[in-house]
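See structure below.
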Amino acid sequence: MNETTRRFLFVLLFAVVFFQTGAHISQAFVNYPAWEFISAESFPAYHRVMTSGALRVLLLPRVIELALAVVVLWFCPRVLKRWMLVLAIALALWAFLSTVFIQLPIHRQLGALGNQPELLAQLRATDWLRQIPELLRAALYVWMMSFVVRPQVKAGVTEPETYDYKETA
């Protein structure tokens, strides 16, 4: 696989990662805090719609991200070190496992019992176990992208190519 294709795969992975990160940030900082204001009668239907949507918007992109990250790890752009991608995959897995083993059981209880203040508090408190690796992973991908987009030195040249942009009047 040529370097252009490797970089394209990384850029595609980057896009999926930031879609995923944005969805999680929206969930944690917009949706969860608002749930306490939803009436007990309305909450079960609202929660059912939100959790079914979350499967498409949060879980499916995570699976795509992990699969694509393994492909990018296998076909790593030359400017990246494999340990960077391994760390990114580990952080994504950490967030995924937190979702499966901590947040999903709380969501199941919320679906069965409604918006109980104790459950909502527990969900928000434990969500940091998912948000910390999400944010670290996002920062790591930004750092990796800085290598991918950096001008490259050509063989036999000591300085990277620069581009002169002339203003047209």
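Chains: A, B, ... in order of the structure tokens. Residues: from 1 per chain. Ligands: from 1, in order shown.
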
Residues within 6 Å of stretch 44-49 of chain A, only C-alpha atoms, excluding chain neighbours under 3 positions, as a PyMOL selection string:
chain A and resi 52+111+114

Residues within 10 Å of A:Glu36, please, as a compact mmCIF listing (two decimals) with all heavy atoms, in the first residue's frame. Count only C-alpha atoms; anything in the same chain fewer than 2 positions from it doesn't count.
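Output file around-v6.txt follows:
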# COMPACT_ATOMS: atom_id res chain seq x y z
N ASN A 31 -26.77 16.01 27.22
CA ASN A 31 -27.91 15.12 27.48
C ASN A 31 -28.03 14.70 28.95
O ASN A 31 -29.08 14.88 29.55
CB ASN A 31 -27.82 13.87 26.60
CG ASN A 31 -28.07 14.19 25.15
OD1 ASN A 31 -28.73 15.15 24.81
ND2 ASN A 31 -27.51 13.38 24.28
N TYR A 32 -26.98 14.13 29.51
CA TYR A 32 -27.08 13.63 30.88
C TYR A 32 -27.52 14.69 31.89
O TYR A 32 -28.40 14.42 32.70
CB TYR A 32 -25.77 12.99 31.33
CG TYR A 32 -25.45 11.65 30.68
CD1 TYR A 32 -24.19 11.09 30.84
CD2 TYR A 32 -26.37 10.96 29.92
CE1 TYR A 32 -23.87 9.88 30.26
CE2 TYR A 32 -26.05 9.75 29.32
CZ TYR A 32 -24.80 9.21 29.50
OH TYR A 32 -24.48 8.00 28.93
N PRO A 33 -26.96 15.91 31.87
CA PRO A 33 -27.41 16.91 32.84
C PRO A 33 -28.89 17.30 32.68
O PRO A 33 -29.53 17.68 33.66
CB PRO A 33 -26.51 18.12 32.57
CG PRO A 33 -25.30 17.55 31.93
CD PRO A 33 -25.79 16.38 31.12
N ALA A 34 -29.42 17.19 31.47
CA ALA A 34 -30.81 17.59 31.23
C ALA A 34 -31.81 16.52 31.66
O ALA A 34 -33.00 16.82 31.84
CB ALA A 34 -31.00 17.91 29.75
N ILE A 38 -36.58 15.90 33.02
CA ILE A 38 -37.61 15.20 32.25
C ILE A 38 -38.55 14.52 33.24
O ILE A 38 -38.10 13.86 34.18
CB ILE A 38 -36.97 14.18 31.29
CG1 ILE A 38 -36.06 14.91 30.30
CG2 ILE A 38 -38.05 13.38 30.56
CD1 ILE A 38 -35.24 14.00 29.43
N SER A 39 -39.83 14.67 33.02
CA SER A 39 -40.82 14.11 33.96
C SER A 39 -40.72 12.59 34.02
O SER A 39 -40.29 11.93 33.06
CB SER A 39 -42.23 14.53 33.56
OG SER A 39 -42.62 13.85 32.39
N ALA A 40 -41.17 12.05 35.14
CA ALA A 40 -41.14 10.60 35.34
C ALA A 40 -41.99 9.89 34.29
O ALA A 40 -41.64 8.79 33.84
CB ALA A 40 -41.63 10.26 36.75
N PHE A 43 -40.01 10.12 30.82
CA PHE A 43 -38.63 9.60 30.77
C PHE A 43 -38.49 8.24 30.09
O PHE A 43 -37.59 8.07 29.27
CB PHE A 43 -38.01 9.57 32.17
CG PHE A 43 -36.55 9.24 32.13
CD1 PHE A 43 -35.61 10.24 31.85
CD2 PHE A 43 -36.10 7.95 32.32
CE1 PHE A 43 -34.27 9.95 31.78
CE2 PHE A 43 -34.74 7.65 32.26
CZ PHE A 43 -33.83 8.64 31.99
N ASN A 115 -36.18 7.88 35.69
CA ASN A 115 -35.08 8.79 36.02
C ASN A 115 -34.94 8.99 37.53
O ASN A 115 -35.29 10.03 38.07
CB ASN A 115 -35.20 10.12 35.26
CG ASN A 115 -36.48 10.86 35.56
OD1 ASN A 115 -37.41 10.31 36.12
ND2 ASN A 115 -36.53 12.13 35.19
N GLN A 116 -34.42 7.99 38.17
CA GLN A 116 -34.15 8.03 39.60
C GLN A 116 -32.93 8.93 39.84
O GLN A 116 -31.89 8.73 39.20
CB GLN A 116 -33.86 6.63 40.13
CG GLN A 116 -34.97 5.63 39.88
CD GLN A 116 -36.20 5.95 40.68
OE1 GLN A 116 -36.12 6.19 41.87
NE2 GLN A 116 -37.34 5.98 40.01
N PRO A 117 -33.02 9.89 40.76
CA PRO A 117 -31.89 10.80 41.00
C PRO A 117 -30.58 10.06 41.34
O PRO A 117 -29.51 10.48 40.89
CB PRO A 117 -32.36 11.66 42.18
CG PRO A 117 -33.85 11.60 42.11
CD PRO A 117 -34.19 10.25 41.54
N LEU A 120 -29.18 8.66 38.06
CA LEU A 120 -28.64 9.74 37.22
C LEU A 120 -27.32 10.24 37.78
O LEU A 120 -26.36 10.47 37.02
CB LEU A 120 -29.64 10.89 37.11
CG LEU A 120 -30.93 10.58 36.35
CD1 LEU A 120 -31.90 11.75 36.46
CD2 LEU A 120 -30.64 10.24 34.91
N ALA A 121 -27.23 10.38 39.09
CA ALA A 121 -25.97 10.81 39.73
C ALA A 121 -24.88 9.77 39.51
O ALA A 121 -23.72 10.11 39.23
CB ALA A 121 -26.19 11.06 41.21

So which one's closest to A:Leu73, A:Trp143, A:Phe29, A:Phe10, A:Phe101? Using only C-alpha atoms, please.
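The answer is A:Phe10, which sits nearest to A:Leu73.
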
What's the 12 Å shell around A:Asn2, counting only C-alpha atoms, without same-chain residues fewer than 6 positions away, as a VMD selection string?
chain A and resid 8 to 9 75 to 78

Can you work out which one of A:Arg137, A:Gln109, A:Gln122, A:Ala54 has the shortest atom-to-atom distance to A:Val86, counting only C-alpha atoms?
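Comparing A:Arg137, A:Gln109, A:Gln122, A:Ala54 against A:Val86, the winner is A:Arg137.
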
If you run DSSP on the backbone, which residues of stretch 13-118 of chain A are alpha helix (DSSP H), as a PyMOL selection string?
chain A and resi 13-26+32-34+43-54+60-74+82-98+104-113+117-118

Nearby residues (only C-alpha atoms) at most 12 Å from A:Phe147, same-chain spacing under 5 positions excluded, as a ChimeraX atom specification:
/A:7,10-11,77-81,84,140-142,152

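The gap separating atom CA of A:Pro133 from atom CA of A:Leu91 is 5.1 Å, in Å to one decimal.
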